[in-house]
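Peer 1: First the structure, which I've put down as structure tokens, then a few questions once you've had a look.
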Amino acid sequence: VEETYIMVKPDGVQRGLVGEIISRFERKGFKLSGLKLFQCPRELAEEHYKDLQSKPFFPKLIEYITSGPVVCMAWEGVGVVASARKLIGSTNPLQAEPGTIRGDLAVQTGRNVVHGSDSPENGQREIALWFKEGELCQWTPAQAPWLRE
Ligand code: GTP
Ligand code: MG
């Protein structure tokens with residue numbers, strides 16, 4: 001089944017938005033399969049954002065992501081990657097729609113509180129990067145029959 005890597009960035013943790021952000025995915029009906037608070041080492045941040053290596057903001061981005069603990073999450077569900085990106089909203093929070101996480105809770109691209117994988121392939125890649133095998137759970141939520149016919 002499709003999986004996405006969602007991460008509350010250090011600003012989201014520092015601002016006390018962890019519960020609010022987890023809630024949005026939980027209430028939507030996706031399934032949580034991994035969750036941890038984690039201080040990200042520089043090498044991992046660089047690997048995670050390696051596609052942005054040549055961007056002028058890359059050093060600032062690495063500094064931001066490693067500046068404090070993040071909350072790492074793996075979420076599962078049919079269509080979860082694209083749906084999570086919609087719940088998160090545009091990269092620039094000033095352009096993100098009200099009702100989205102960034103649209104409701106942030107004001108600047110460099111402090112946009114949450115990450116979401118941009119493709120199913122990157123979802124797999126990022127979950128493998130941020131979680132060890134024993135940290136992920138296989139389980140059946142009690143509400144499953146009430147979410148899908
Ligand atoms: P992620 O879910 O974090 O991957 O964001 P995204 O997919 O909406 O955007 P993208 O992958 O293009 O950029 C990754 C992250 O780099 C963004 O979420 C921002 O935190 C940061 N970023 C992107 N563009 C800029 C920029 O122009 N300036 C700064 N300071 N940060 C940027
Ligand atoms: Mg991205």
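The chains in the structure tokens are called A, B, ... from first to last as shown; in each chain the residues are counted from 1, and the ligands are counted from 1 in the order shown.
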Go through chain A residue by residue and, counting only C-alpha atoms and all ligand atoms, keep those with an atom at most 10 Å from ligand 2; for each kept residue give the shortest atom pair and its distance in Å to one decimal, ordered by chain and increasing number, as a Markdown table.

Peer 2:
| residue | atom | partner | partner_atom_place_in_ligand_line | distance |
| --- | --- | --- | --- | --- |
| A:His48 | CA | ligand 2 | 1 (Mg) | 9.5 |
| A:Tyr49 | CA | ligand 2 | 1 (Mg) | 7.8 |
| A:Asp51 | CA | ligand 2 | 1 (Mg) | 9.0 |
| A:Leu52 | CA | ligand 2 | 1 (Mg) | 8.9 |
| A:Arg85 | CA | ligand 2 | 1 (Mg) | 9.4 |
| A:Thr91 | CA | ligand 2 | 1 (Mg) | 8.1 |
| A:His115 | CA | ligand 2 | 1 (Mg) | 6.9 |
| A:Gly116 | CA | ligand 2 | 1 (Mg) | 6.6 |
| A:Ser117 | CA | ligand 2 | 1 (Mg) | 6.2 |
| A:Asp118 | CA | ligand 2 | 1 (Mg) | 5.7 |
| A:Ser119 | CA | ligand 2 | 1 (Mg) | 9.3 |
| A:Asn122 | CA | ligand 2 | 1 (Mg) | 9.4 |

Peer 1: With N, CA and C atoms kept, could you save the residues just selected as an mmCIF file, in the first residue's frame?

Peer 2:
data_model
loop_
_atom_site.group_PDB
_atom_site.id
_atom_site.type_symbol
_atom_site.label_atom_id
_atom_site.label_comp_id
_atom_site.auth_asym_id
_atom_site.auth_seq_id
_atom_site.Cartn_x
_atom_site.Cartn_y
_atom_site.Cartn_z
ATOM 1 N N HIS A 48 18.444 13.541 2.789
ATOM 2 C CA HIS A 48 17.008 13.705 2.590
ATOM 3 C C HIS A 48 16.715 14.765 1.523
ATOM 4 N N TYR A 49 17.426 15.893 1.603
ATOM 5 C CA TYR A 49 17.181 17.008 0.680
ATOM 6 C C TYR A 49 18.228 17.075 -0.434
ATOM 7 N N ASP A 51 18.297 16.442 -3.521
ATOM 8 C CA ASP A 51 17.867 17.025 -4.799
ATOM 9 C C ASP A 51 17.955 18.553 -4.797
ATOM 10 N N LEU A 52 18.053 19.153 -3.617
ATOM 11 C CA LEU A 52 18.085 20.617 -3.509
ATOM 12 C C LEU A 52 19.499 21.145 -3.240
ATOM 13 N N ARG A 85 0.039 15.975 0.582
ATOM 14 C CA ARG A 85 0.558 17.240 0.030
ATOM 15 C C ARG A 85 -0.553 18.293 0.002
ATOM 16 N N THR A 91 4.294 25.215 -0.707
ATOM 17 C CA THR A 91 5.593 25.393 -0.039
ATOM 18 C C THR A 91 5.669 26.744 0.673
ATOM 19 N N HIS A 115 6.975 18.643 6.496
ATOM 20 C CA HIS A 115 7.427 18.053 5.237
ATOM 21 C C HIS A 115 6.489 16.924 4.819
ATOM 22 N N GLY A 116 6.299 16.774 3.508
ATOM 23 C CA GLY A 116 5.595 15.602 2.982
ATOM 24 C C GLY A 116 6.255 15.128 1.705
ATOM 25 N N SER A 117 6.415 13.818 1.551
ATOM 26 C CA SER A 117 7.031 13.243 0.345
ATOM 27 C C SER A 117 6.281 13.700 -0.904
ATOM 28 N N ASP A 118 7.029 13.879 -2.014
ATOM 29 C CA ASP A 118 6.384 14.394 -3.227
ATOM 30 C C ASP A 118 6.025 13.312 -4.246
ATOM 31 N N SER A 119 6.329 12.046 -3.968
ATOM 32 C CA SER A 119 5.940 10.935 -4.854
ATOM 33 C C SER A 119 5.955 9.646 -4.035
ATOM 34 N N ASN A 122 9.517 8.516 -3.539
ATOM 35 C CA ASN A 122 10.209 9.254 -2.475
ATOM 36 C C ASN A 122 9.640 8.917 -1.097
#

Peer 1: Would you list the residues that come within 10 Å of ligand 1? Count only C-alpha atoms and all ligand atoms and give the answer as a ChimeraX atom specification.

Peer 2: /A:5-9,48-49,51-52,55-62,64-65,84-85,88-93,102,108-119

Peer 1: For Gly19 in chain A, which of A:Leu147, A:Ala96, A:Val1, A:Val71 is the closest residue, counting only C-alpha atoms?

Peer 2: A:Val71

Peer 1: Let's see if you can do this: from backbone DSSP, list all alpha helix (DSSP H) residues in range 8-136 of chain A, as a count of residues only.

Peer 2: 56

Peer 1: Just to confirm, what's the straight-line distance from CA of Gln14 in chain A to CA of Glu133 in chain A in Å (one decimal)?

Peer 2: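 Here the two named atoms are 27.8 Å from each other.
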
Peer 1: Apply DSSP to the backbone of this structure and, from range 42-132 of chain A, keep only the residues in strand (DSSP E or B); write these as a ChimeraX atom specification.

Peer 2: /A:70-76,98,100,108,111,114-116

Peer 1: Could you check the closest approach to Asp104 in chain A for each of A:Asp11, A:Val70, A:Glu20, A:Thr4 and tell me which residue wins, using only C-alpha atoms?

Peer 2: A:Glu20

Peer 1: So which residues touch Arg148 in chain A within 12 Å, counting only C-alpha atoms, skipping near sequence neighbours fewer than 5 positions away, as a PyMOL selection string?

Peer 2: chain A and resi 29-30+77-78+141+143

Peer 1: Report, in Å with one decimal, the straight-line distance from CA of Lys31 in chain A to CA of Glu76 in chain A.

Peer 2: 5.1 Å

Peer 1: So how many Å separate CA of Pro145 in chain A and CA of Lys28 in chain A, to one decimal?

Peer 2: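 Computing the Euclidean distance for CA of Pro145 in chain A and CA of Lys28 in chain A yields 14.5 Å.
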